[in-house]
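Asks: One structure, as structure tokens, below. Some questions next.
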Amino acid sequence: MTAQELTDLRLGTLDTAVSDWEKMHTKLETLATGEGGGTSAKGLRTQADAADWRGANATISKEFVTKIAVEFQDVAAQAKSVLGILRDASAAFKKHKAALRTVIDDVAKTNIYINAKGGAVASVPSGAAAGDGDIHTPSDEELAVAERRVKRVLREASETDRIAARALRALAKNKYDFTGDGPGGLKEADDRQGKADADYWAKKARETNPGEWSDEDIARFNETLRYQRDNPGFSERFATTLGAEGTLQFWRDMAAPPGGAVEGDRAKALAEVQTNLSMTLATATHSDSPAMETWKREVIAAGDKPFPIQGLPMGPNGFQVMSSLMGKGRFDDEFLNDYGKGLLKYERGFPGDPEVAWRDTTDLNYPPTDEPNDPFAGFMEGLGHNPKASLEFFNDSTTVGGKDLDNWDYLVAKGDDAREWPPGEDGQPLGHDALGHALESATIGVPYDSDATPPKHSAGSADLVNRIVAEYGKNHDRLDGSPLSDSLGNITAEYMRDVQNGISGNDPFETYGSNANLGSSGLQDGRLKDFLAAVGKDPDAYGAIINSQQAVTTELINDAYHDKARYDELSTEIGNRVSPGAEIAGIMAESRTQAVYDDKIASDEEFNKGLETADKWADRAIDMGLSKLPVAGDVAGIVIGDIKEAVVDHYTRDSSDEAGQERSDFLESQRTRSADAVYDATYQAAIAAGTDPDNAKSQANAASREVRLGYGMGRQRAGS
């Protein structure tokens, strides 16, 4: 369904149909049951059963009358089903239409237009139309988020349409008979359709070799999974009908048939199957039925069992197969933790390093590689989509052979008992990108790839951030070129108030929920700044941190003006508030130059791109403390737009024009630009709060001077 179709959808005819079927059902129910008096099928059957039939009438006529009476009951029941489906469809479409209108109106406030197909495009007024107004230009990230919101509504509307249409066709398929056991509404219809599809595909999986399915079979199976992956009726029936080992064997056979890696269009199709099957099994694990509880226990129990192909003695084991199907979807909390403990116990009890334990390279992941199948990578992705399970897992411990070891110490920390992650072709640990996703979900509180607004930071998540900073601040060399860095940059951006609080060391800034206490005694040896310096070498992390830092600093400045009556010397207070952000800017500048000039691991173009693609963190930082701004509503949106533009204007480096610029010159220019960014933010906040221009300039100059000092301190720390 397109956005135009849903927007223009007229539901009057459907509502008329609902009204007509309500009347029809009432009439048919009366004919079937006799409620209200009069002749009825029920009465006719009672009379037929009580009558003294003789001769042929005792068989033929009585059977005919009885059958007709039953048919009337079926007619009434089928009319009830039709009514239930139409009524639910009408209510659902009204909900979908209203949801789309809400999204369209919402994104229009940031100059985003939703086209007929549901695409999001910038719709910025021309200069003449805008006049002297400050017009916000939506970023690529804002457009992508808007489009995802629209597509989510359209997907749900299409689901309603598909389920209702299929249910009505099923009821009407027999021209000369009626069914008395139709679904009572859309929810029941969805459940029944899911179970029917699960039965079909499970039977096909059992009776044929999935590795030999045709491209057409794969395409049809994918279509079913796309429709049914969030349907408990389908997901549980499919999993439990195949059984735990049958489910694992199914994917093992489909993903890696004899003859080597699957390539081309089929490989693309299998990548989609892997995604959809993962989401299907994730849905299934939320069931606590006896059959599904058995499935979950048996999947873990099959973790050490090899799954060869066509009688060969060797192959990937159950943990490797199951973990390859955990990359998408939100698996049940308890199942994830039980699975993780089983996986940890197996690996820690294995008489060899993880690289030996997981040396099998069967193609279980698409696109396929020649790298070993480390099941911790897939498991970490599973945790990355379940914040509650992830936080619990990193705060838990596992006992093996009588020895208790924290999961954190085994998977993250550097120590004698820590895990040696198998290396990939680039020499970096294979699963560290996924480990970063798990840490993101545990600390931020939403799946790492979600657009949802995170909850306020819990004490557990804040404590975990403290452990992360302490670990990698002490062992910052572990982040050189690490795929963990982008995730750690996102965590830093999310906890920017805590970071600035830790650097300040003075009166604490209010944080978003529990404080990570990054200025605590355990981190006062400079680990926080060393952590920032190491993470900032990654372009994506750099972009996230700079955007968040600029937003939080701006918000702190605005907060000071909001409460300016509290301070005798407002300039001094503003200086205290901008100093931590200035240090962070200095650290980031030094880290960037080290990455570009010294380590040569990234280019200025990559850092510039990181600033643009990570601008969502400016929105996020302001969203945390929006109530403190002296402005709200549409004006607040302009403030956020100003912050993003300031980041791009002041921190982007045009390498083509500055190719010959010396490192020291670049760092000094960044110092000036950081100071200018804070000058602009302070001046604008002062004017918005009613300060006269002369005093606004004076206060902005004072803030700018403080930034230059703080920036230099940050550079010294990062370069030490």
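Naming works like this for the structure tokens: A, B, ... for the chains as they're shown, residue 1 at the start of each chain, ligands 1 onward in shown order.
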With only C-alpha atoms as the counted atoms, please give the residues lying no more than 9 Å from Arg673 of chain A, apart from itself and same-chain residues fewer than 5 positions off, as a PyMOL selection string.
Replies: chain A and resi 649-651+668+678
Asks: Take the residues that were just selected and, keeping all heavy atoms, output them as a JSON list (two decimals), in the first residue's frame.
Replies:
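For reference, part-v6.json as written:
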```json
[["chain", "number", "residue", "atom", "x", "y", "z"],
["A", 649, "ASP", "N", 29.68, 23.53, 10.12],
["A", 649, "ASP", "CA", 30.43, 24.74, 9.75],
["A", 649, "ASP", "C", 31.78, 24.82, 10.46],
["A", 649, "ASP", "O", 32.79, 25.22, 9.86],
["A", 649, "ASP", "CB", 29.62, 26.00, 10.07],
["A", 649, "ASP", "CG", 28.42, 26.16, 9.15],
["A", 649, "ASP", "OD1", 28.40, 25.48, 8.11],
["A", 649, "ASP", "OD2", 27.51, 26.93, 9.49],
["A", 650, "HIS", "N", 31.81, 24.45, 11.73],
["A", 650, "HIS", "CA", 33.00, 24.69, 12.54],
["A", 650, "HIS", "C", 33.96, 23.51, 12.64],
["A", 650, "HIS", "O", 35.11, 23.69, 13.02],
["A", 650, "HIS", "CB", 32.60, 25.14, 13.95],
["A", 650, "HIS", "CG", 31.90, 26.47, 13.99],
["A", 650, "HIS", "ND1", 32.50, 27.65, 13.63],
["A", 650, "HIS", "CD2", 30.62, 26.80, 14.33],
["A", 650, "HIS", "CE1", 31.65, 28.64, 13.75],
["A", 650, "HIS", "NE2", 30.49, 28.16, 14.17],
["A", 651, "TYR", "N", 33.48, 22.31, 12.32],
["A", 651, "TYR", "CA", 34.35, 21.14, 12.50],
["A", 651, "TYR", "C", 34.66, 20.39, 11.20],
["A", 651, "TYR", "O", 35.45, 19.46, 11.21],
["A", 651, "TYR", "CB", 33.72, 20.17, 13.52],
["A", 651, "TYR", "CG", 33.66, 20.74, 14.91],
["A", 651, "TYR", "CD1", 32.49, 21.32, 15.38],
["A", 651, "TYR", "CD2", 34.77, 20.74, 15.73],
["A", 651, "TYR", "CE1", 32.42, 21.87, 16.66],
["A", 651, "TYR", "CE2", 34.72, 21.28, 17.01],
["A", 651, "TYR", "CZ", 33.55, 21.85, 17.46],
["A", 651, "TYR", "OH", 33.50, 22.40, 18.72],
["A", 668, "GLU", "N", 45.14, 24.57, 15.45],
["A", 668, "GLU", "CA", 44.86, 25.93, 15.89],
["A", 668, "GLU", "C", 43.57, 26.44, 15.26],
["A", 668, "GLU", "O", 42.78, 27.15, 15.90],
["A", 668, "GLU", "CB", 46.03, 26.85, 15.54],
["A", 668, "GLU", "CG", 45.89, 28.26, 16.11],
["A", 668, "GLU", "CD", 45.73, 28.27, 17.62],
["A", 668, "GLU", "OE1", 46.34, 27.41, 18.30],
["A", 668, "GLU", "OE2", 44.96, 29.12, 18.13],
["A", 678, "VAL", "N", 30.95, 28.17, 20.29],
["A", 678, "VAL", "CA", 30.41, 28.49, 21.61],
["A", 678, "VAL", "C", 30.04, 29.98, 21.68],
["A", 678, "VAL", "O", 29.05, 30.35, 22.33],
["A", 678, "VAL", "CB", 31.41, 28.11, 22.71],
["A", 678, "VAL", "CG1", 31.00, 28.70, 24.05],
["A", 678, "VAL", "CG2", 31.51, 26.59, 22.81]]
```
Asks: Residues near segment 234-247 of chain A, anyone? I mean within 7 Å using only C-alpha atoms, not counting same-chain ones fewer than 3 positions away, as a PyMOL selection string.
Replies: chain A and resi 194-195+197-199+202+228-229+231+250-251+280-281+283-284+291-292+295+298-299+302
Asks: Fewer than 6 positions away in the same chain doesn't count, so skip those; otherwise give me all residues within 7 Å of segment 80-89 of chain A, counting only C-alpha atoms, as a PyMOL selection string.
Replies: chain A and resi 18+21-22+25+160+164+168+182-186
Asks: Would you save the residues from that selection as a PDB file, in the first residue's frame, using C-alpha atoms?
Replies:
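Output file result_10.pdb is given in full below:
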```
ATOM      1  CA  VAL A  18     -20.248  -3.455   8.341  1.00  0.00           C
ATOM      2  CA  TRP A  21     -23.612  -7.361   7.738  1.00  0.00           C
ATOM      3  CA  GLU A  22     -24.693  -6.495  11.271  1.00  0.00           C
ATOM      4  CA  HIS A  25     -26.110 -11.500  10.890  1.00  0.00           C
ATOM      5  CA  THR A 160      -4.405  -5.566   7.642  1.00  0.00           C
ATOM      6  CA  ALA A 164      -8.648  -9.464   5.761  1.00  0.00           C
ATOM      7  CA  LEU A 168     -12.760 -13.291   3.223  1.00  0.00           C
ATOM      8  CA  GLY A 182     -14.629 -19.178  10.500  1.00  0.00           C
ATOM      9  CA  PRO A 183     -12.456 -16.754  12.469  1.00  0.00           C
ATOM     10  CA  GLY A 184     -14.141 -14.270  14.746  1.00  0.00           C
ATOM     11  CA  GLY A 185     -11.995 -11.374  13.603  1.00  0.00           C
ATOM     12  CA  LEU A 186      -8.650 -10.299  12.162  1.00  0.00           C
TER      13      LEU A 186
END
```
Asks: Using only C-alpha atoms, can you tell me which of A:Gly460, A:Gly327, A:Gly402, A:Pro232 comes closest to Ala438 of chain A?
Replies: A:Gly327
Asks: Using only C-alpha atoms, determine which residues lie at most 12 Å from Tyr495 of chain A, disregarding the query and same-chain residues fewer than 2 positions distant; provide the list as a PyMOL selection string.
Replies: chain A and resi 440+443-445+454+456-458+461-466+469+488-493+497-502+509-518+544-545+548-549+552+617+620-621+624
Asks: Quick one: residues within 10 Å of Arg419 of chain A, only C-alpha atoms counted, chain neighbours fewer than 3 positions away excluded, as number ranges by chain?
Replies: A: 347-348, 353-354, 407, 409-416, 422
